[in-house]
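Comments concern the structure below.
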Amino acid sequence: MDEQEISSLKEKIKERYVKKYPDHQWEETPPAYTAGFHEDTLILMADGTEKPIKDIKEGDVIKGYDTYFEPHEEPGFDGASVMLNPIVDGTVMGVIEKEVDELMKLNFNDGKTLLVEKDTIAYARPLPCGTIEHDDGSITEGCASEPQNNGIEGSVSKYEAHACCNVGWMAVDLESAISKYGEFKEDEFNKGHMTGFIKEESFCGLDHGTGVYSNEHKLYKTEEDIERLFRLQQDKDYKIIDWETVKGPFKVYNFTKVDDLQLIYANTFLFGSGEIFQKD
């Protein structure tokens, strides 16, 4: 192909993309993940303290998880339970600051809350399949075998009573995330066409009882800490019980890149930050 043919092909791809995703702004390079946390959200720092996200600057070091590894890299990322991975330090490489008109207020079963944008990404904790009665008489509801219609049609979440019985990436509002970041289409991608980032078959949306990860005890120093942190997820059964839309305006913040993290602790809960969709 000569330069004119390449330019013509790019324009055709752009036209198709804009037509298919009218709410998703076209860029020559894919858009960054920009969903924000309320300015008072507390972030776990490298020294074990917590700091409001509005006070974190470029060059500060925070704690979280690196989810991206090349095939030859060790030890890799264990997605079955995030808490089995080492908690590592990452340097903030850039800060996002903006003002929004509304946020989603997430209410957790331990009494904590978190204010985020609708297209916010997290990593869901797997729930047991089937209802489990604990020794103290409490009950944890697991996956449903019948469609629950609580996700985008065709996604795995429609078969799950609480959205994320299967561990993996979760959007607070799946439709909002697809609208903003686009839907990933493997066949289009394989043809060299521009495509979105959200995989319907692997992403799920928020539902009552969605399992989440928490590190409220700030455990990270030793192997024993990690083992205890893993057990606490089961004992505490951290999950989102309900949510509501609250009106602003609000100031929100996140990080364009954290070298080298994609999951951070926000108000003790594990949510996305930085280069979630791609990596240099």
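Order determines the names: the first chain of the structure tokens is A, the second B, and so forth; residues in each chain are numbered 1 upward, and ligands are numbered 1 upward as they are shown.
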Excluding Ile198 of chain A and residues on its chain fewer than 2 positions from it, collect all residues at most 10 Å away from it, counting only C-alpha atoms, and give them as a PyMOL selection string. chain A and resi 169-171+174-175+177-185+195-196+200-204+277
Keeping only N, CA and C atoms, take the residues you just selected and write them out as a JSON list (two decimals), in the first residue's frame.
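So out-v5.json came out as:
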```json
[["chain", "number", "residue", "atom", "x", "y", "z"],
["A", 169, "TRP", "N", -12.47, -8.53, 35.87],
["A", 169, "TRP", "CA", -12.69, -7.09, 35.76],
["A", 169, "TRP", "C", -14.18, -6.77, 35.81],
["A", 170, "MET", "N", -14.52, -5.69, 36.49],
["A", 170, "MET", "CA", -15.90, -5.29, 36.66],
["A", 170, "MET", "C", -16.03, -3.79, 36.42],
["A", 171, "ALA", "N", -17.08, -3.40, 35.71],
["A", 171, "ALA", "CA", -17.40, -1.99, 35.56],
["A", 171, "ALA", "C", -18.55, -1.65, 36.50],
["A", 174, "LEU", "N", -21.82, -1.14, 33.49],
["A", 174, "LEU", "CA", -21.24, -1.75, 32.30],
["A", 174, "LEU", "C", -21.59, -0.98, 31.03],
["A", 175, "GLU", "N", -22.82, -0.53, 30.92],
["A", 175, "GLU", "CA", -23.22, 0.21, 29.73],
["A", 175, "GLU", "C", -22.46, 1.53, 29.61],
["A", 177, "ALA", "N", -19.45, 2.12, 30.79],
["A", 177, "ALA", "CA", -18.07, 1.81, 30.44],
["A", 177, "ALA", "C", -17.94, 1.48, 28.96],
["A", 178, "ILE", "N", -18.89, 0.72, 28.42],
["A", 178, "ILE", "CA", -18.86, 0.39, 26.99],
["A", 178, "ILE", "C", -19.05, 1.64, 26.15],
["A", 179, "SER", "N", -19.96, 2.52, 26.59],
["A", 179, "SER", "CA", -20.19, 3.76, 25.86],
["A", 179, "SER", "C", -18.95, 4.62, 25.80],
["A", 180, "LYS", "N", -18.19, 4.67, 26.90],
["A", 180, "LYS", "CA", -17.03, 5.54, 26.97],
["A", 180, "LYS", "C", -15.79, 4.92, 26.35],
["A", 181, "TYR", "N", -15.54, 3.64, 26.63],
["A", 181, "TYR", "CA", -14.29, 3.01, 26.22],
["A", 181, "TYR", "C", -14.45, 2.06, 25.04],
["A", 182, "GLY", "N", -15.68, 1.85, 24.61],
["A", 182, "GLY", "CA", -15.91, 1.00, 23.45],
["A", 182, "GLY", "C", -15.91, -0.47, 23.78],
["A", 183, "GLU", "N", -16.61, -1.23, 22.94],
["A", 183, "GLU", "CA", -16.69, -2.67, 23.10],
["A", 183, "GLU", "C", -15.60, -3.34, 22.26],
["A", 184, "PHE", "N", -14.86, -4.23, 22.90],
["A", 184, "PHE", "CA", -13.80, -4.95, 22.19],
["A", 184, "PHE", "C", -14.41, -6.03, 21.31],
["A", 185, "LYS", "N", -14.05, -6.01, 20.03],
["A", 185, "LYS", "CA", -14.51, -7.02, 19.08],
["A", 185, "LYS", "C", -13.28, -7.72, 18.49],
["A", 195, "THR", "N", -10.83, -0.84, 17.64],
["A", 195, "THR", "CA", -11.93, -1.38, 18.42],
["A", 195, "THR", "C", -11.87, -0.85, 19.84],
["A", 196, "GLY", "N", -12.90, -1.14, 20.63],
["A", 196, "GLY", "CA", -12.94, -0.67, 22.01],
["A", 196, "GLY", "C", -12.19, -1.60, 22.95],
["A", 200, "GLU", "N", -17.35, -7.87, 26.59],
["A", 200, "GLU", "CA", -18.62, -8.24, 27.23],
["A", 200, "GLU", "C", -18.57, -9.62, 27.85],
["A", 201, "GLU", "N", -17.84, -10.54, 27.21],
["A", 201, "GLU", "CA", -17.85, -11.92, 27.71],
["A", 201, "GLU", "C", -17.03, -12.09, 28.97],
["A", 202, "SER", "N", -16.19, -11.11, 29.31],
["A", 202, "SER", "CA", -15.36, -11.25, 30.50],
["A", 202, "SER", "C", -15.61, -10.16, 31.54],
["A", 203, "PHE", "N", -16.09, -8.99, 31.11],
["A", 203, "PHE", "CA", -16.45, -7.94, 32.07],
["A", 203, "PHE", "C", -17.85, -8.20, 32.60],
["A", 204, "CYS", "N", -18.09, -7.81, 33.82],
["A", 204, "CYS", "CA", -19.44, -7.86, 34.35],
["A", 204, "CYS", "C", -19.80, -6.50, 34.92],
["A", 277, "PHE", "N", -6.19, -0.61, 30.34],
["A", 277, "PHE", "CA", -6.50, -1.21, 29.05],
["A", 277, "PHE", "C", -5.29, -1.53, 28.19]]
```
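Here the question is which of A:Gly94, A:Gly209, A:Gly79, A:Gly248 gets nearest to Leu106 of chain A using only C-alpha atoms, and that residue is A:Gly209.
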I'd like the contact shell of segment 255-264 of chain A - 10 Å cut-off, only C-alpha atoms, skipping same-chain residues fewer than 5 positions apart - returned as a count of residues only. 48
Could you name the residues that touch Pro86 of chain A at 8 Å or less, counting only C-alpha atoms, but leaving out those on the same chain fewer than 3 positions away, as a count of residues only? 4
Atom CA of Lys105 of chain A to atom CA of Lys118 of chain A, straight-line distance in Å: 9.6 Å
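In this comparison, which uses only C-alpha atoms, the residue of A:Ala80, A:Leu103, A:Val116, A:Ala46 approaching Gly168 of chain A most closely is A:Ala80.
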Considering only C-alpha atoms, return as a PyMOL selection string whatever protein or nucleic-acid residues lie within 12 Å of Met104 of chain A, sequence-local ones (same chain, fewer than 5 positions apart) excluded. chain A and resi 35-38+113-120+171-173+176+206+242-248+250+252
Take the residues that were just selected and, keeping C-alpha atoms, output them as an mmCIF file, in the first residue's frame.
```cif
data_model
loop_
_atom_site.group_PDB
_atom_site.id
_atom_site.type_symbol
_atom_site.label_atom_id
_atom_site.label_comp_id
_atom_site.auth_asym_id
_atom_site.auth_seq_id
_atom_site.Cartn_x
_atom_site.Cartn_y
_atom_site.Cartn_z
ATOM 1 C CA ALA A 35 -12.760 7.443 35.587
ATOM 2 C CA GLY A 36 -12.298 9.391 38.819
ATOM 3 C CA PHE A 37 -12.654 8.998 42.582
ATOM 4 C CA HIS A 38 -14.132 11.695 44.834
ATOM 5 C CA THR A 113 -18.730 3.945 51.142
ATOM 6 C CA LEU A 114 -16.978 5.013 47.953
ATOM 7 C CA LEU A 115 -17.904 7.781 45.496
ATOM 8 C CA VAL A 116 -16.883 7.043 41.896
ATOM 9 C CA GLU A 117 -17.852 7.769 38.318
ATOM 10 C CA LYS A 118 -20.176 5.320 36.569
ATOM 11 C CA ASP A 119 -17.512 4.030 34.186
ATOM 12 C CA THR A 120 -15.148 3.123 37.032
ATOM 13 C CA ALA A 171 -17.403 -1.987 35.556
ATOM 14 C CA VAL A 172 -19.551 -0.112 38.071
ATOM 15 C CA ASP A 173 -21.982 0.543 35.223
ATOM 16 C CA SER A 176 -21.480 3.457 30.714
ATOM 17 C CA LEU A 206 -22.481 -4.088 39.287
ATOM 18 C CA ASP A 242 -26.439 -1.174 47.211
ATOM 19 C CA TRP A 243 -25.696 2.131 45.519
ATOM 20 C CA GLU A 244 -27.245 5.458 44.578
ATOM 21 C CA THR A 245 -26.583 8.390 42.265
ATOM 22 C CA VAL A 246 -25.647 11.603 44.068
ATOM 23 C CA LYS A 247 -25.629 15.051 42.491
ATOM 24 C CA GLY A 248 -22.635 17.396 42.551
ATOM 25 C CA PHE A 250 -17.744 17.116 42.594
ATOM 26 C CA VAL A 252 -12.614 13.793 41.128
#
```
Just how far from atom CA of Gly76 of chain A is atom CA of Glu50 of chain A, in Å to one decimal?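 A separation of 27.3 Å between them.
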